[in-house]
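K.L.:
My structure is in target_28.pdb, and what it holds is PDB, C-alpha atoms, pLDDT in the B column:
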ATOM      1  CA  GLU A   1       1.404  99.874 -87.468  1.00 46.00           C
ATOM      2  CA  GLY A   2       3.105  99.656 -84.076  1.00 48.00           C
ATOM      3  CA  LYS A   3       6.864  99.625 -84.299  1.00 48.00           C
ATOM      4  CA  GLU A   4       8.899  97.510 -81.924  1.00 50.00           C
ATOM      5  CA  GLU A   5      11.265  99.311 -79.622  1.00 51.00           C
ATOM      6  CA  ARG A   6      14.840  99.428 -80.852  1.00 55.00           C
ATOM      7  CA  PRO A   7      17.766  98.784 -78.572  1.00 53.00           C
ATOM      8  CA  ILE A   8      19.737 101.797 -77.482  1.00 46.00           C
ATOM      9  CA  LYS A   9      23.365 101.105 -76.787  1.00 40.00           C
ATOM     10  CA  LYS A  10      25.070 103.266 -74.214  1.00 36.00           C
ATOM     11  CA  ILE A  11      28.436 104.490 -75.439  1.00 33.00           C
ATOM     12  CA  LYS A  12      31.439 104.428 -73.194  1.00 34.00           C
ATOM     13  CA  LYS A  13      32.856 107.869 -72.450  1.00 33.00           C
ATOM     14  CA  GLU A  14      36.606 108.169 -72.896  1.00 38.00           C
ATOM     15  CA  ASP A  15      37.076 110.928 -70.334  1.00 34.00           C
ATOM     16  CA  THR A  16      35.403 109.409 -67.281  1.00 35.00           C
ATOM     17  CA  ASP A  17      36.969 108.728 -63.926  1.00 38.00           C
ATOM     18  CA  GLU A  18      38.190 105.140 -63.597  1.00 39.00           C
ATOM     19  CA  ASN A  19      36.183 104.758 -60.391  1.00 36.00           C
ATOM     20  CA  GLU A  20      32.919 105.693 -62.043  1.00 36.00           C
ATOM     21  CA  GLU A  21      30.688 102.788 -62.883  1.00 34.00           C
ATOM     22  CA  MET A  22      30.319 102.563 -66.663  1.00 32.00           C
ATOM     23  CA  GLU A  23      27.795 100.836 -68.829  1.00 34.00           C
ATOM     24  CA  THR A  24      29.540  98.975 -71.622  1.00 32.00           C
ATOM     25  CA  GLU A  25      28.715  99.314 -75.288  1.00 36.00           C
ATOM     26  CA  SER A  26      27.124  95.886 -75.261  1.00 36.00           C
ATOM     27  CA  THR A  27      24.621  96.818 -72.546  1.00 36.00           C
ATOM     28  CA  THR A  28      21.215  97.077 -74.169  1.00 42.00           C
ATOM     29  CA  HIS A  29      18.548  99.526 -73.012  1.00 43.00           C
ATOM     30  CA  PHE A  30      15.162 100.187 -74.466  1.00 54.00           C
ATOM     31  CA  SER A  31      13.711 103.481 -75.535  1.00 58.00           C
ATOM     32  CA  THR A  32      11.573 105.462 -73.116  1.00 76.00           C
ATOM     33  CA  GLU A  33      10.422 107.807 -75.895  1.00 76.00           C
ATOM     34  CA  SER A  34       6.761 108.484 -76.523  1.00 86.00           C
ATOM     35  CA  PRO A  35       5.221 106.397 -79.326  1.00 86.00           C
ATOM     36  CA  GLU A  36       5.273 109.450 -81.612  1.00 89.00           C
ATOM     37  CA  GLU A  37       8.951 110.136 -80.886  1.00 91.00           C
ATOM     38  CA  ASN A  38       9.757 106.460 -81.317  1.00 88.00           C
ATOM     39  CA  ASP A  39       7.985 106.371 -84.705  1.00 90.00           C
ATOM     40  CA  LYS A  40       9.777 109.539 -85.827  1.00 93.00           C
ATOM     41  CA  ARG A  41      13.176 108.125 -84.847  1.00 92.00           C
ATOM     42  CA  PHE A  42      12.300 104.858 -86.603  1.00 92.00           C
ATOM     43  CA  VAL A  43      11.583 106.700 -89.869  1.00 94.00           C
ATOM     44  CA  ILE A  44      14.679 108.911 -89.588  1.00 95.00           C
ATOM     45  CA  GLU A  45      16.966 105.937 -88.955  1.00 95.00           C
ATOM     46  CA  LEU A  46      15.251 103.900 -91.685  1.00 94.00           C
ATOM     47  CA  GLU A  47      15.827 106.672 -94.221  1.00 94.00           C
ATOM     48  CA  PHE A  48      19.423 107.224 -93.143  1.00 95.00           C
ATOM     49  CA  VAL A  49      20.309 103.517 -93.277  1.00 96.00           C
ATOM     50  CA  GLN A  50      18.857 103.303 -96.778  1.00 94.00           C
ATOM     51  CA  CYS A  51      20.922 106.319 -97.860  1.00 93.00           C
ATOM     52  CA  LEU A  52      23.961 104.156 -97.139  1.00 92.00           C
ATOM     53  CA  ALA A  53      23.072 102.146-100.258  1.00 89.00           C
ATOM     54  CA  ASN A  54      24.237 105.090-102.381  1.00 89.00           C
ATOM     55  CA  PRO A  55      28.026 105.007-102.995  1.00 91.00           C
ATOM     56  CA  HIS A  56      28.008 108.690-103.988  1.00 91.00           C
ATOM     57  CA  TYR A  57      26.443 109.586-100.637  1.00 91.00           C
ATOM     58  CA  LEU A  58      29.105 107.512 -98.881  1.00 91.00           C
ATOM     59  CA  ASN A  59      31.731 109.424-100.873  1.00 93.00           C
ATOM     60  CA  HIS A  60      30.169 112.692 -99.695  1.00 94.00           C
ATOM     61  CA  LEU A  61      30.274 111.538 -96.065  1.00 94.00           C
ATOM     62  CA  ALA A  62      33.936 110.568 -96.461  1.00 94.00           C
ATOM     63  CA  GLN A  63      34.911 113.857 -98.099  1.00 93.00           C
ATOM     64  CA  ALA A  64      33.042 115.818 -95.417  1.00 95.00           C
ATOM     65  CA  ARG A  65      35.123 113.901 -92.833  1.00 96.00           C
ATOM     66  CA  PHE A  66      32.162 112.303 -91.042  1.00 96.00           C
ATOM     67  CA  PHE A  67      34.156 109.067 -90.868  1.00 95.00           C
ATOM     68  CA  ASP A  68      36.836 110.842 -88.830  1.00 96.00           C
ATOM     69  CA  ASP A  69      34.342 111.428 -85.999  1.00 96.00           C
ATOM     70  CA  PRO A  70      34.384 108.572 -83.416  1.00 96.00           C
ATOM     71  CA  ALA A  71      30.790 109.409 -82.397  1.00 96.00           C
ATOM     72  CA  PHE A  72      29.634 108.931 -86.001  1.00 96.00           C
ATOM     73  CA  ILE A  73      31.437 105.578 -86.180  1.00 96.00           C
ATOM     74  CA  LYS A  74      29.664 104.529 -82.962  1.00 97.00           C
ATOM     75  CA  TYR A  75      26.375 105.610 -84.520  1.00 96.00           C
ATOM     76  CA  LEU A  76      27.063 103.405 -87.545  1.00 96.00           C
ATOM     77  CA  GLU A  77      27.797 100.539 -85.158  1.00 96.00           C
ATOM     78  CA  TYR A  78      24.523 101.206 -83.332  1.00 95.00           C
ATOM     79  CA  LEU A  79      22.619 101.091 -86.632  1.00 95.00           C
ATOM     80  CA  THR A  80      23.609  97.459 -87.191  1.00 95.00           C
ATOM     81  CA  TYR A  81      20.400  96.524 -85.359  1.00 94.00           C
ATOM     82  CA  TRP A  82      18.757  97.015 -88.777  1.00 94.00           C
ATOM     83  CA  LYS A  83      20.225  93.635 -89.764  1.00 94.00           C
ATOM     84  CA  GLN A  84      17.738  91.920 -87.456  1.00 94.00           C
ATOM     85  CA  PRO A  85      14.786  90.503 -89.430  1.00 93.00           C
ATOM     86  CA  GLN A  86      12.135  92.512 -87.555  1.00 93.00           C
ATOM     87  CA  TYR A  87      13.807  95.721 -88.810  1.00 93.00           C
ATOM     88  CA  ALA A  88      15.277  94.560 -92.131  1.00 92.00           C
ATOM     89  CA  LYS A  89      11.796  93.748 -93.434  1.00 93.00           C
ATOM     90  CA  HIS A  90      11.120  97.505 -93.628  1.00 94.00           C
ATOM     91  CA  LEU A  91      14.064  98.207 -95.946  1.00 92.00           C
ATOM     92  CA  VAL A  92      13.384  98.914 -99.613  1.00 89.00           C
ATOM     93  CA  TYR A  93      17.109  98.758-100.441  1.00 86.00           C
ATOM     94  CA  PRO A  94      18.412  95.833 -98.385  1.00 86.00           C
ATOM     95  CA  HIS A  95      21.864  96.054 -99.950  1.00 86.00           C
ATOM     96  CA  CYS A  96      22.368  99.084 -97.686  1.00 90.00           C
ATOM     97  CA  LEU A  97      23.072  96.488 -94.987  1.00 92.00           C
ATOM     98  CA  LYS A  98      26.141  95.299 -96.898  1.00 92.00           C
ATOM     99  CA  PHE A  99      27.442  98.846 -97.011  1.00 90.00           C
ATOM    100  CA  LEU A 100      26.631  99.232 -93.312  1.00 95.00           C
ATOM    101  CA  ASP A 101      28.768  96.151 -92.641  1.00 94.00           C
ATOM    102  CA  LEU A 102      31.584  97.488 -94.809  1.00 92.00           C
ATOM    103  CA  LEU A 103      31.435 100.843 -93.024  1.00 95.00           C
ATOM    104  CA  GLN A 104      32.451  99.076 -89.831  1.00 95.00           C
ATOM    105  CA  GLU A 105      35.908  98.662 -91.422  1.00 95.00           C
ATOM    106  CA  ALA A 106      38.304 101.632 -91.321  1.00 95.00           C
ATOM    107  CA  GLU A 107      39.946 100.620 -94.609  1.00 95.00           C
ATOM    108  CA  PHE A 108      36.632 100.807 -96.480  1.00 90.00           C
ATOM    109  CA  ARG A 109      35.785 104.186 -94.929  1.00 94.00           C
ATOM    110  CA  LYS A 110      39.197 105.497 -95.952  1.00 95.00           C
ATOM    111  CA  ALA A 111      38.802 104.243 -99.542  1.00 91.00           C
ATOM    112  CA  LEU A 112      35.469 106.053 -99.910  1.00 89.00           C
ATOM    113  CA  ILE A 113      37.157 109.458 -99.956  1.00 92.00           C
ATOM    114  CA  ASN A 114      38.286 108.600-103.493  1.00 85.00           C
ATOM    115  CA  THR A 115      35.524 109.580-105.929  1.00 89.00           C
ATOM    116  CA  ALA A 116      36.755 106.995-108.456  1.00 90.00           C
ATOM    117  CA  TYR A 117      36.267 104.254-105.843  1.00 80.00           C
ATOM    118  CA  ALA A 118      32.703 105.419-105.175  1.00 87.00           C
ATOM    119  CA  GLU A 119      32.046 105.413-108.919  1.00 84.00           C
ATOM    120  CA  PHE A 120      33.466 101.869-109.155  1.00 77.00           C
ATOM    121  CA  LEU A 121      31.071 100.744-106.384  1.00 83.00           C
ATOM    122  CA  HIS A 122      28.172 102.419-108.161  1.00 77.00           C
ATOM    123  CA  THR A 123      29.045 100.690-111.445  1.00 79.00           C
ATOM    124  CA  GLN A 124      29.304  97.293-109.752  1.00 79.00           C
ATOM    125  CA  GLN A 125      25.962  97.915-108.095  1.00 79.00           C
ATOM    126  CA  PHE A 126      24.420  98.713-111.483  1.00 73.00           C
ATOM    127  CA  TYR A 127      25.748  95.498-113.040  1.00 58.00           C
ATOM    128  CA  HIS A 128      24.427  93.497-110.116  1.00 61.00           C
ATOM    129  CA  TRP A 129      20.950  95.008-110.471  1.00 64.00           C
ATOM    130  CA  ARG A 130      20.978  94.580-114.255  1.00 63.00           C
ATOM    131  CA  SER A 131      21.597  90.841-114.102  1.00 65.00           C
ATOM    132  CA  TYR A 132      20.213  89.905-110.677  1.00 59.00           C
ATOM    133  CA  ARG A 133      16.835  88.659-111.864  1.00 61.00           C
ATOM    134  CA  ASN A 134      18.308  86.586-114.682  1.00 65.00           C
ATOM    135  CA  ASN A 135      20.876  85.063-112.351  1.00 60.00           C
ATOM    136  CA  ARG A 136      18.193  84.154-109.805  1.00 57.00           C
ATOM    137  CA  GLN A 137      15.906  82.278-112.194  1.00 59.00           C
ATOM    138  CA  MET A 138      16.135  78.532-111.931  1.00 55.00           C
ATOM    139  CA  TYR A 139      16.923  76.609-115.061  1.00 55.00           C
ATOM    140  CA  PRO A 140      14.456  73.817-115.974  1.00 56.00           C
ATOM    141  CA  SER A 141      17.070  71.194-115.097  1.00 56.00           C
ATOM    142  CA  GLU A 142      17.341  72.658-111.559  1.00 55.00           C
ATOM    143  CA  THR A 143      13.625  72.411-110.724  1.00 53.00           C
ATOM    144  CA  LYS A 144      12.529  69.798-108.271  1.00 54.00           C
ATOM    145  CA  THR A 145      10.627  66.869-109.715  1.00 49.00           C
TER     146      THR A 145
END
Output the file's structure in the form of structure tokens.
P.N.:
Amino acid sequence: EGKEERPIKKIKKEDTDENEEMETESTTHFSTESPEENDKRFVIELEFVQCLANPHYLNHLAQARFFDDPAFIKYLEYLTYWKQPQYAKHLVYPHCLKFLDLLQEAEFRKALINTAYAEFLHTQQFYHWRSYRNNRQMYPSETKT
């Protein structure tokens, strides 16, 4: 299956000369990787984005201070391309996109350092999964006639 090319966002360097021409974060470029490299990066990013669905993994990232690294925060911002339908269709755990959105907020990243908060998120996730199917079924009175 041929994968579509993903946008690559150039990141602004903080220590550049003011006179240097800079590409902004919103400038989109496309990968010049070989098809094999592109496929490998696709799989790596797919697996990483899906790991974000695990609150305990997010807690680990917070405790290891990954969220203190501006480059890592930019990487999380870059990964938001997975919200586009042509990429989201490959996700097995689409709720990882909600966590990806929440990770864009500094307050959420800060809260994740607390193991009890990660456990709370995990518990809420469990309750959602436990009752999701029942909550999604239409009642006979709601069916179209």
K.L.:
Pick out the closest residue to A:Tyr78 from this set: A:Pro55, A:His60, A:Gln104, A:Leu121. Count only C-alpha atoms.
P.N.:
A:Gln104
K.L.:
Work out how far atom CA of A:Lys89 is from atom CA of A:Ala62, in Å to one decimal.
P.N.:
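If I compute the distance from atom CA of A:Ala62 to atom CA of A:Lys89, I get 28.0 Å.
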K.L.:
Report, in Å with one decimal, the straight-line distance from atom CA of A:His56 to atom CA of A:Ala118.
P.N.:
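Straight-line distance from atom CA of A:His56 to atom CA of A:Ala118 works out to 5.8 Å.
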K.L.:
Determine, counting all atoms listed in the file, every residue of protein, DNA or RNA that lies within 12 Å of (18.6, 99.9, -102.0) in the file coordinates, then give the result as a list in words.
P.N.:
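Selection result: Leu46, Glu47, Phe48, Val49, Gln50, Cys51, Leu52, Ala53, Asn54, Pro55, Ala88, His90, Leu91, Val92, Tyr93, Pro94, His95, Cys96, Leu97, Lys98, Phe99, Leu100, His122, Gln125, Phe126, His128 and Trp129 of chain A.
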K.L.:
From the set A:Lys40, A:Leu112, A:Thr123, A:Leu103, which residue has the shortest atom-to-atom contact distance to A:Gln63, counting all atoms listed in the file?
P.N.:
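Nearest to A:Gln63: A:Leu112.
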K.L.:
Mind pulling up the distance from atom CA of A:Ala71 to atom CA of A:Thr32?
P.N.:
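Spanning atom CA of A:Thr32 to atom CA of A:Ala71 is a straight-line distance of 21.7 Å.
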K.L.:
Restricting the calculation to all atoms listed in the file, which member of A:Thr115, A:Tyr81, A:Gln124, A:Glu107 is positioned closest to A:Tyr57?
P.N.:
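Among the listed residues, A:Thr115 lies closest to A:Tyr57.
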K.L.:
Go through A:Leu61, A:Asp101, A:Leu79, A:Phe72 one by one, measure the shortest atom-to-atom distance of each to A:Ile44 using only C-alpha atoms, and give the residue with the smallest value.
P.N.:
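Closest to A:Ile44 of all the choices is A:Leu79.
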K.L.:
My list of candidates is A:Asn114, A:Phe66, A:Leu58, A:Glu45. Which is closest to A:Thr80 when distances are computed with all atoms listed in the file?
P.N.:
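Of A:Asn114, A:Phe66, A:Leu58, A:Glu45, the one nearest A:Thr80 is A:Glu45, counting all atoms listed in the file.
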